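Here is the structure we will look at.
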Amino acid sequence: MTSVQTQEKNNFWSYLGHSVYCCSTTPDLSRDDLAKSPAVLLIHGFGASTDHWRHNIPVISNFCEVHAIDLLGFGRSSKPASLDYGGPLWKDQVSAYVQERIGRPTVLVGNSLGGYAALAAGCALGDEAAGVVLLNAAGRFSEEKVSVQGFWSTARKTVGEIFLKNALFQRILFENLRQPSTIRRTLNQVYIDSKNVDDALVESIRRPSLDKGAFGVFRSVFEPAGPQGKPLDELFSELSAPLLLLWGNQDPWMNAPSKRAMYSRYVPSATKEVVLNAGHCPHDEVPEKVNSVLIDWLKTL
């Protein structure tokens with residue numbers, strides 16, 4: 001695809017009185033040409049930020065208007081102790097951003113926790129959601145027990161529920177997890193090909209963990225597990241927008257083959273599914289493949 005000049009904006013938006021970091025990139029196209037494609041909003045996963053879309057924004061923005069947002073509690077956004085962190089908060093934040101900052105039909109693209117937020121917001125937005133794209137999305141189905149996914153599931157099995165609820169131990173664990181060496185080791189566990197596990201990625205995760213309030217957000221994972229809110233099957237039954245599933249089939253945190261089988265029972269019949277040889281974050285591990293699939297799918301909307 002031929003590169004085009006783009007107009008980039010990095011700024012902050014206020015939601016519920018709190019500062020939210022967001023960025024947007026618009027192709028240097030006429031208004032009519034720009035209107036031919038929907039806007040795209042990229043939503044990161046737990047512990048990540050807009051920086052995790054570093055290999056996607058420059059490519060996708062050649063085709064359409066692209067936005068990315070740091071969810072409250074993450075990245076450069078505020079991390080106030082007063083908020084109830086979970087699915088409902090992030091769903092409402094994403095929905096409000098589309099309505100207040102984008103103002104036209106938008107495709108919501110989310111990874112992991114951000115995938116749940118994208119799906120829930122896609123249902124809430126109705127016709128304002130032009131599509132939903134899930135990359136190894138978090139969340140549970142009604143028939144599943146409430147359980148912590150990913151790293152937290154392993155931690156609970158290793159040290160036990162009671163120990164994990166101890167505030168002092170949580171602080172020790174938090175201090176260890178935000179060390180660059182631990183971040184890199186964790187990323188290497190969930191990226192099958194670790195070539196993109198570089199210093200910039202590690203720093204993008206470490207830096208927000210130093211912010212005031214970061215430990216409080218971290219502690220929220222020890223509450224009832226997973227993104228709080230409606231189960232995935234209920235959300236799929238409410239979704240009217242087109243749906244694209246992009247799977248990293250070697251995700252060690254989600255047991256992707258088993259999860260995919262459950263998804264197939266509930267997603268709309270017209271859902272497009274693409275399986276990639278990648279781990280939990282295919283958009284950053286194999287960005288060329290994800291960008292190609294996403295842009296081709298966007299052209300069908």
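If you're wondering about the labels, chains in the structure tokens are A, B, ... by order shown, residues count from 1 in each chain, ligands from 1 in order shown.
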
Give me the residues of range 82-131 of chain A that have any atom at most 12 Å from an atom of range 272-288 of chain A; for each, the nearest atom pair and the distance in Å, rounded to one decimal. Use only C-alpha atoms, sort by chain and number, and format it as a Markdown table.
| residue | atom | partner | partner_atom | distance |
| --- | --- | --- | --- | --- |
| A:Val109 | CA | A:His283 | CA | 10.3 |
| A:Gly110 | CA | A:His283 | CA | 9.8 |
| A:Asn111 | CA | A:Cys281 | CA | 6.9 |
| A:Ser112 | CA | A:His280 | CA | 7.6 |
| A:Leu113 | CA | A:His280 | CA | 11.2 |
| A:Gly114 | CA | A:Cys281 | CA | 11.3 |
| A:Gly115 | CA | A:Cys281 | CA | 11.2 |
| A:Gly131 | CA | A:Lys272 | CA | 11.4 |

Prev. selection, N, CA and C atoms, output as a compact mmCIF listing (two decimals), in the first residue's frame:
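Everything below was put into selection39.txt:
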# COMPACT_ATOMS: atom_id res chain seq x y z
N VAL A 109 -11.59 -2.11 17.86
CA VAL A 109 -10.62 -3.19 17.79
C VAL A 109 -9.97 -3.35 19.16
N GLY A 110 -10.08 -4.55 19.77
CA GLY A 110 -9.55 -4.71 21.11
C GLY A 110 -8.80 -6.01 21.30
N ASN A 111 -7.73 -5.93 22.09
CA ASN A 111 -6.93 -7.10 22.46
C ASN A 111 -7.12 -7.41 23.94
N SER A 112 -7.33 -8.69 24.26
CA SER A 112 -7.41 -9.16 25.64
C SER A 112 -8.50 -8.41 26.39
N LEU A 113 -8.16 -7.76 27.49
CA LEU A 113 -9.15 -6.98 28.23
C LEU A 113 -9.81 -5.94 27.33
N GLY A 114 -9.03 -5.33 26.44
CA GLY A 114 -9.58 -4.35 25.51
C GLY A 114 -10.57 -4.96 24.54
N GLY A 115 -10.44 -6.25 24.30
CA GLY A 115 -11.41 -6.93 23.45
C GLY A 115 -12.78 -6.99 24.11
N GLY A 131 -18.34 -1.93 13.39
CA GLY A 131 -17.79 -3.28 13.42
C GLY A 131 -17.04 -3.49 14.72

Write out as a tab-separated table the residues of range 38-125 of chain A that have any atom within 9 Å of an atom of range 237-252 of chain A, one row each with the nearest atom pair and its distance in Å to one decimal, counting only C-alpha atoms, sorted by chain and then rising number.
residue	atom	partner	partner_atom	distance
A:Val107	CA	A:Ala241	CA	8.9
A:Leu119	CA	A:Leu239	CA	7.9
A:Ala120	CA	A:Leu239	CA	8.6
A:Gly122	CA	A:Leu239	CA	6.8
A:Cys123	CA	A:Leu239	CA	4.9
A:Ala124	CA	A:Leu239	CA	8.5

Any chance you could export the current selection's N, CA and C atoms as a PDB file, in the first residue's frame?
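The file below, again.pdb, is the result:
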ATOM      1  N   VAL A 107     -15.239   1.348  13.954  1.00  0.00           N
ATOM      2  CA  VAL A 107     -14.884  -0.051  14.194  1.00  0.00           C
ATOM      3  C   VAL A 107     -14.045  -0.109  15.463  1.00  0.00           C
ATOM      4  N   LEU A 119     -16.181  -5.237  22.622  1.00  0.00           N
ATOM      5  CA  LEU A 119     -17.434  -5.958  22.396  1.00  0.00           C
ATOM      6  C   LEU A 119     -18.581  -5.328  23.174  1.00  0.00           C
ATOM      7  N   ALA A 120     -18.347  -5.038  24.451  1.00  0.00           N
ATOM      8  CA  ALA A 120     -19.412  -4.444  25.272  1.00  0.00           C
ATOM      9  C   ALA A 120     -19.811  -3.074  24.743  1.00  0.00           C
ATOM     10  N   GLY A 122     -19.421  -2.065  21.646  1.00  0.00           N
ATOM     11  CA  GLY A 122     -20.060  -2.273  20.351  1.00  0.00           C
ATOM     12  C   GLY A 122     -21.545  -2.553  20.496  1.00  0.00           C
ATOM     13  N   CYS A 123     -21.904  -3.293  21.547  1.00  0.00           N
ATOM     14  CA  CYS A 123     -23.323  -3.549  21.806  1.00  0.00           C
ATOM     15  C   CYS A 123     -24.023  -2.276  22.259  1.00  0.00           C
ATOM     16  N   ALA A 124     -23.385  -1.534  23.146  1.00  0.00           N
ATOM     17  CA  ALA A 124     -23.997  -0.321  23.698  1.00  0.00           C
ATOM     18  C   ALA A 124     -24.178   0.764  22.644  1.00  0.00           C
TER      19      ALA A 124
END

ask   = DSSP says alpha helix (DSSP H) for which residues of range 20-219 of chain A? Put them as an MDAnalysis selection string?
value = chainID A and resid 31:35 57:60 87:97 113:125 151:159 161:164 167:177 180:190 199:206 214:219

Give me every strand (DSSP E) residue in range 84-208 of chain A, going by DSSP on the backbone, as a PDB file with C-alpha atoms, in the first residue's frame.
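So selection-v5.pdb came out as:
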ATOM      1  CA  THR A 106     -16.467   3.394  14.285  1.00  0.00           C
ATOM      2  CA  VAL A 107     -14.884  -0.051  14.194  1.00  0.00           C
ATOM      3  CA  LEU A 108     -13.777  -1.079  17.684  1.00  0.00           C
ATOM      4  CA  VAL A 109     -10.618  -3.193  17.789  1.00  0.00           C
ATOM      5  CA  GLY A 110      -9.551  -4.713  21.112  1.00  0.00           C
ATOM      6  CA  ASN A 111      -6.932  -7.099  22.463  1.00  0.00           C
ATOM      7  CA  ALA A 129     -20.505   0.726  15.970  1.00  0.00           C
ATOM      8  CA  ALA A 130     -19.484  -0.040  12.388  1.00  0.00           C
ATOM      9  CA  GLY A 131     -17.794  -3.280  13.424  1.00  0.00           C
ATOM     10  CA  VAL A 132     -16.015  -5.107  16.229  1.00  0.00           C
ATOM     11  CA  VAL A 133     -12.643  -6.857  15.997  1.00  0.00           C
ATOM     12  CA  LEU A 134     -11.499  -9.135  18.816  1.00  0.00           C
ATOM     13  CA  LEU A 135      -7.902 -10.265  19.214  1.00  0.00           C
TER      14      LEU A 135
END

inquiry  = Counting only C-alpha atoms, which residue out of A:Ser209, A:Thr186, A:Asn136, A:Ser181 sits closest to Arg76 in chain A?
reply    =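 Of the candidates, the smallest distance to Arg76 in chain A is held by A:Ser209.
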
Please tabulate, as JSON lines, the residues of range 183-282 of chain A that come within 12 Å of range 37-50 of chain A, each with its closest pair of atoms and the distance in Å to one decimal, counting only C-alpha atoms and ordering rows by chain, then residue number upward.
{"residue": "A:Ile183", "atom": "CA", "partner": "A:Gly47", "partner_atom": "CA", "distance": 10.2}
{"residue": "A:Thr186", "atom": "CA", "partner": "A:Gly47", "partner_atom": "CA", "distance": 11.8}
{"residue": "A:Leu187", "atom": "CA", "partner": "A:Ala48", "partner_atom": "CA", "distance": 11.3}
{"residue": "A:Leu201", "atom": "CA", "partner": "A:Ala48", "partner_atom": "CA", "distance": 9.0}
{"residue": "A:Val202", "atom": "CA", "partner": "A:Ala48", "partner_atom": "CA", "distance": 9.8}
{"residue": "A:Glu203", "atom": "CA", "partner": "A:Ala48", "partner_atom": "CA", "distance": 10.3}
{"residue": "A:Ser204", "atom": "CA", "partner": "A:Ala48", "partner_atom": "CA", "distance": 7.2}
{"residue": "A:Ile205", "atom": "CA", "partner": "A:Ala48", "partner_atom": "CA", "distance": 5.7}
{"residue": "A:Arg206", "atom": "CA", "partner": "A:Gly47", "partner_atom": "CA", "distance": 8.7}
{"residue": "A:Arg207", "atom": "CA", "partner": "A:Ala48", "partner_atom": "CA", "distance": 10.2}
{"residue": "A:Pro208", "atom": "CA", "partner": "A:Gly47", "partner_atom": "CA", "distance": 8.2}
{"residue": "A:Ser209", "atom": "CA", "partner": "A:Gly47", "partner_atom": "CA", "distance": 8.2}
{"residue": "A:Leu210", "atom": "CA", "partner": "A:Gly47", "partner_atom": "CA", "distance": 11.9}
{"residue": "A:Ala214", "atom": "CA", "partner": "A:Gly47", "partner_atom": "CA", "distance": 9.7}
{"residue": "A:Phe215", "atom": "CA", "partner": "A:Gly47", "partner_atom": "CA", "distance": 11.4}
{"residue": "A:Val217", "atom": "CA", "partner": "A:Gly47", "partner_atom": "CA", "distance": 9.6}
{"residue": "A:Phe218", "atom": "CA", "partner": "A:Gly47", "partner_atom": "CA", "distance": 8.7}
{"residue": "A:Ser220", "atom": "CA", "partner": "A:Phe46", "partner_atom": "CA", "distance": 11.4}
{"residue": "A:Val221", "atom": "CA", "partner": "A:Phe46", "partner_atom": "CA", "distance": 9.8}
{"residue": "A:Gly226", "atom": "CA", "partner": "A:Phe46", "partner_atom": "CA", "distance": 10.6}
{"residue": "A:Pro227", "atom": "CA", "partner": "A:Phe46", "partner_atom": "CA", "distance": 10.2}
{"residue": "A:His280", "atom": "CA", "partner": "A:Gly45", "partner_atom": "CA", "distance": 10.0}
{"residue": "A:Cys281", "atom": "CA", "partner": "A:Gly45", "partner_atom": "CA", "distance": 8.9}
{"residue": "A:Pro282", "atom": "CA", "partner": "A:Gly45", "partner_atom": "CA", "distance": 12.0}

task = Name all residues at most 7 Å from range 85-102 of chain A (count only C-alpha atoms; drop same-chain ones fewer than 2 positions away) and give them as a list in words.
result = Leu71, Leu83, Arg104, Ala117, Ala120, Ala121, Leu125, Ser220, Pro227, Gln228 and Gly229 of chain A

key: Point-to-point distance in Å for CA of Gly126 in chain A and CA of Cys64 in chain A   =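 CA of Gly126 in chain A lies at a distance of 20.9 Å from CA of Cys64 in chain A.
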
query = Interatomic distance between CA of Leu294 in chain A and CA of Asn188 in chain A?
reply =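 Between CA of Leu294 in chain A and CA of Asn188 in chain A the gap is 24.9 Å.
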
note = Computed gap from CA of Pro231 in chain A to CA of Arg140 in chain A is 5.5 Å

task = Fewer than 3 positions away in the same chain doesn't count, so skip those; otherwise give me all residues within 9 Å of Lys79 in chain A, counting only C-alpha atoms, as a VMD selection string.
result = chain A and resid 18 to 19 72 to 74 76 82 to 83 211 to 214 216 to 217

message = Calculated over only C-alpha atoms, which of the candidates A:Arg178, A:Lys230, A:Arg54, A:Arg184 has the smallest distance to Cys23 in chain A?
response =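 Of all the options, A:Arg54 lies closest to Cys23 in chain A.
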